[in-house]
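> Following this message is one structure expressed as C-alpha cells.
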Amino acid sequence: MRSYTLLTCGAAVLAALLLAPCPALALKLLTEENPPLNYTENKKLTGMATDVVQEMGRRAKIKLETDVMVWNQAYEKAQADKETCLYSTARLANRENAFKWVGPIAANTWGLFALGGFTPVIKSLADARPFRIGGVARDAKTEHLKQNGVTNIFEVEDDKLNPGKLTLNRKEAQKIDLWIASVATAKRVAAQAKASDIKLVYTVREAESYLACSPRTSAATLKALADALEGMKKDGAYAKIIKAYENR
C-alpha cells in the first residue's frame with residue numbers, strides 16, 4: 001500500500017510539472033526613440049533600458065521581437081495585444097491596472113526646458129502652471145503634470161515637434177513657453193529639430209522606468225522576466241549596463 005501511495009504521489013508531482021505553464025517562446029516589445037533609455041544608433045536599437053531588456057530575454061530564454069513606433073500607438077498596442085510589452089514606461093498610479101509590470105529596468109530625469117532668453121524663475125510645478133507647456137500625448141511626463149494641477153499642456157504625437165514651438169512671446173499663437181522632456185533626451189531631440197539655445201529651467205523628478213506588459217501576457221512569461229532581472233541585479237550585470245551609459 002505504501003509503495004502504491006508513493007507511486008501515486010510521484011505521478012501527481014510529475015503531472016503537475018508537465019502541466020505547469022511555460023514562458024512564451026516569443027515576446028513582442030514596443031518602444032520609442034528616447035535616449036539614453038531606448039534609441040536607434042547606426043540603424044541599431046540600443047540604449048540603457050534596451051540592453052537590460054535584451055539581457056532579460058536572453059536569460060529567460062524568450063525570443064524578443066522589437067518594433068520602434070510613436071509612443072501613443074505603442075501604448076495602445078501594448079495594452080491590447082497578447083504577449084506584448086512596452087518600454088521604458090513610468091509606473092504611474094493611473095497606469096497601474098492597465099499593465100502588468102516588470103522592473104524597474106532603468107531611471108530617467110525629467111525637466112522643463114525653455115529658450116535661452118526665458119527669465120521667469122520656476123521653483124515648483126505650481127510656478128509652471130501659467131505657462132503653455134509642450135508634451136507628448138499619453139507620455140508619463142505629460143500625465144505627471146496633469147496629476148499635479150498643470151493643465152495648460154499642448155500635446156503632440158512626436159516630441160521632435162516641441163523644440164521648434166518654443167517662444168519667448170507668450171502672446172504668439174500655437175506656440176509653447178516650456179517643454180517637458182527627459183534631461184538626457186532634450187539636447188538630442190532639439191538638435192534633430194534644428195532648434196538651438198534651449199536651457200533646463202526646472203528639474204521635475206527622477207522617475208524609475210519599467211517594462212509595461214499587456215494584461216494578456218502570461219504569468220509564466222512575466223515571472224521568467226522578473227527572475228532574469230533579479231538575477232542580473234544580484235550578479236552585477238544590471239549595474240554594469242547602467243554604469244556604461246552613465247560614463248558616456
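If you're wondering about the labels, chains in the C-alpha cells are A, B, ... by order shown, residues count from 1 in each chain, ligands from 1 in order shown.
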Mind checking which residues fall within 9 Å of stretch 39-52 of chain A, counting only C-alpha atoms, ignoring those fewer than 2 positions away in the same chain, and posting them as a ChimeraX atom specification?
/A:31-37,54-57,66,68,87-88,105-107,209-210,229,232,237-238,241-242,244-246
> Apply DSSP to the structure's backbone, then extract all residues of stretch 9-243 of chain A labelled strand (DSSP E) and return them as a PyMOL selection string.
chain A and resi 26-31+39-41+44-46+63-68+84-90+100-115+133-136+153-156+178-182+198-213
> How many Å lie between atom CA of A:Lys61 and atom CA of A:Lys28, rounded to one decimal?
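Taking atom CA of A:Lys61 and atom CA of A:Lys28, their separation equals 13.8 Å.
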> With the cut-off set at 12 Å and counting only C-alpha atoms, tabulate each residue of stretch 73-113 of chain A with an atom at most that distance from an atom of stretch 150-167 of chain A, showing the nearest atom pair and its distance in Å to one decimal, ordered by chain and increasing number, as JSON lines.

{"residue": "A:Gln73", "atom": "CA", "partner": "A:Glu157", "partner_atom": "CA", "distance": 9.0}
{"residue": "A:Ala74", "atom": "CA", "partner": "A:Glu157", "partner_atom": "CA", "distance": 11.2}
{"residue": "A:Tyr75", "atom": "CA", "partner": "A:Glu157", "partner_atom": "CA", "distance": 11.7}
{"residue": "A:Leu112", "atom": "CA", "partner": "A:Pro163", "partner_atom": "CA", "distance": 11.5}
{"residue": "A:Phe113", "atom": "CA", "partner": "A:Pro163", "partner_atom": "CA", "distance": 8.9}
> Let me make sure I understand: among A:Arg132, A:Arg216, A:Arg95, A:Lys223, which one has the smallest atom-to-atom distance to A:Lys171 if we use only C-alpha atoms?
A:Arg132
> For the atom pair atom CA of A:Pro23 and atom CA of A:Val102, what is the interatomic distance in Å to one decimal place?
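Straight-line distance from atom CA of A:Pro23 to atom CA of A:Val102 works out to 14.3 Å.
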> Which stretch 50-138 of chain A residues have any atom within 8 Å of an atom of stretch 183-205 of chain A, and for each, what is the nearest pair of atoms with distance in Å to one decimal, counting only C-alpha atoms, rows sorted by chain and number, as a tab-separated table?

residue	atom	partner	partner_atom	distance
A:Asn108	CA	A:Ala184	CA	7.8
A:Thr109	CA	A:Val183	CA	5.7
A:Trp110	CA	A:Val204	CA	5.3
A:Gly111	CA	A:Thr203	CA	4.3
A:Leu112	CA	A:Tyr202	CA	5.2
A:Phe113	CA	A:Leu200	CA	4.5
A:Ala114	CA	A:Lys199	CA	5.6
A:Leu115	CA	A:Ile198	CA	4.5
A:Gly116	CA	A:Asp197	CA	5.1
A:Val121	CA	A:Val201	CA	7.6
A:Ile122	CA	A:Tyr202	CA	6.0
A:Lys123	CA	A:Tyr202	CA	6.7
A:Ser124	CA	A:Tyr202	CA	7.6
A:Leu125	CA	A:Val204	CA	7.5
> Write out as a PDB file with C-alpha atoms, in the first residue's frame all residues of stretch 72-216 of chain A that DSSP puts in helix (DSSP H, G or I) for this structure's backbone.

ATOM      1  CA  ASN A  72       0.764  56.818 -28.384  1.00  0.00           C
ATOM      2  CA  GLN A  73       0.464  53.951 -30.880  1.00  0.00           C
ATOM      3  CA  ALA A  74       2.848  51.744 -28.889  1.00  0.00           C
ATOM      4  CA  TYR A  75       0.941  52.477 -25.672  1.00  0.00           C
ATOM      5  CA  GLU A  76      -2.378  51.318 -27.155  1.00  0.00           C
ATOM      6  CA  LYS A  77      -0.943  48.169 -28.733  1.00  0.00           C
ATOM      7  CA  ALA A  78       0.828  47.194 -25.519  1.00  0.00           C
ATOM      8  CA  GLN A  79      -2.482  47.160 -23.676  1.00  0.00           C
ATOM      9  CA  ALA A  80      -4.393  45.226 -26.316  1.00  0.00           C
ATOM     10  CA  ALA A  93      -0.959  55.461 -10.374  1.00  0.00           C
ATOM     11  CA  ASN A  94      -3.360  55.929 -13.281  1.00  0.00           C
ATOM     12  CA  ARG A  95      -1.497  53.254 -15.272  1.00  0.00           C
ATOM     13  CA  LEU A 125       5.305  72.847 -10.738  1.00  0.00           C
ATOM     14  CA  ALA A 126       2.928  75.445  -9.295  1.00  0.00           C
ATOM     15  CA  ASP A 127       5.176  78.127 -10.819  1.00  0.00           C
ATOM     16  CA  ALA A 128       4.813  76.432 -14.223  1.00  0.00           C
ATOM     17  CA  ALA A 140       4.271  59.780 -18.412  1.00  0.00           C
ATOM     18  CA  LYS A 141       5.782  63.248 -18.156  1.00  0.00           C
ATOM     19  CA  THR A 142       2.640  64.835 -19.560  1.00  0.00           C
ATOM     20  CA  GLU A 143       0.422  62.758 -17.281  1.00  0.00           C
ATOM     21  CA  HIS A 144       2.545  63.679 -14.269  1.00  0.00           C
ATOM     22  CA  LEU A 145       1.979  67.376 -14.970  1.00  0.00           C
ATOM     23  CA  LYS A 146      -1.784  66.880 -15.175  1.00  0.00           C
ATOM     24  CA  GLN A 147      -1.820  64.934 -11.913  1.00  0.00           C
ATOM     25  CA  ASP A 159       8.408  65.006 -29.300  1.00  0.00           C
ATOM     26  CA  LYS A 160      10.550  66.399 -32.147  1.00  0.00           C
ATOM     27  CA  LEU A 161       7.731  68.868 -32.839  1.00  0.00           C
ATOM     28  CA  PRO A 163      11.522  72.351 -29.520  1.00  0.00           C
ATOM     29  CA  GLY A 164      10.623  74.333 -32.635  1.00  0.00           C
ATOM     30  CA  LYS A 165       7.436  75.591 -30.996  1.00  0.00           C
ATOM     31  CA  VAL A 183      17.035  65.651 -19.385  1.00  0.00           C
ATOM     32  CA  ALA A 184      19.146  63.113 -21.255  1.00  0.00           C
ATOM     33  CA  THR A 185      16.939  63.329 -24.358  1.00  0.00           C
ATOM     34  CA  ALA A 186      16.352  67.065 -24.714  1.00  0.00           C
ATOM     35  CA  LYS A 187      19.609  68.072 -26.400  1.00  0.00           C
ATOM     36  CA  ARG A 188      19.382  65.265 -28.939  1.00  0.00           C
ATOM     37  CA  VAL A 189      15.706  65.935 -29.743  1.00  0.00           C
ATOM     38  CA  ALA A 190      16.349  69.670 -30.042  1.00  0.00           C
ATOM     39  CA  ALA A 191      19.277  69.045 -32.396  1.00  0.00           C
ATOM     40  CA  GLN A 192      17.117  66.793 -34.586  1.00  0.00           C
TER      41      GLN A 192
END
> Would you pick out the contacts of A:Ile62 at 7 Å or less, using only C-alpha atoms, so that residues sharing its chain but fewer than 5 positions from it are not included, and give the list as a PyMOL selection string?
chain A and resi 24-27+57
> Now that the selection is made, can you save its residues with C-alpha atoms as a short mmCIF file (atom, residue, chain, number, x, y, z; two decimals), in the first residue's frame?

data_model
loop_
_atom_site.label_atom_id
_atom_site.label_comp_id
_atom_site.auth_asym_id
_atom_site.auth_seq_id
_atom_site.Cartn_x
_atom_site.Cartn_y
_atom_site.Cartn_z
CA ALA A 24 6.13 32.39 -24.16
CA LEU A 25 8.60 31.37 -26.84
CA ALA A 26 8.48 34.92 -28.22
CA LEU A 27 7.57 38.31 -26.79
CA GLY A 57 15.12 37.97 -22.62
#
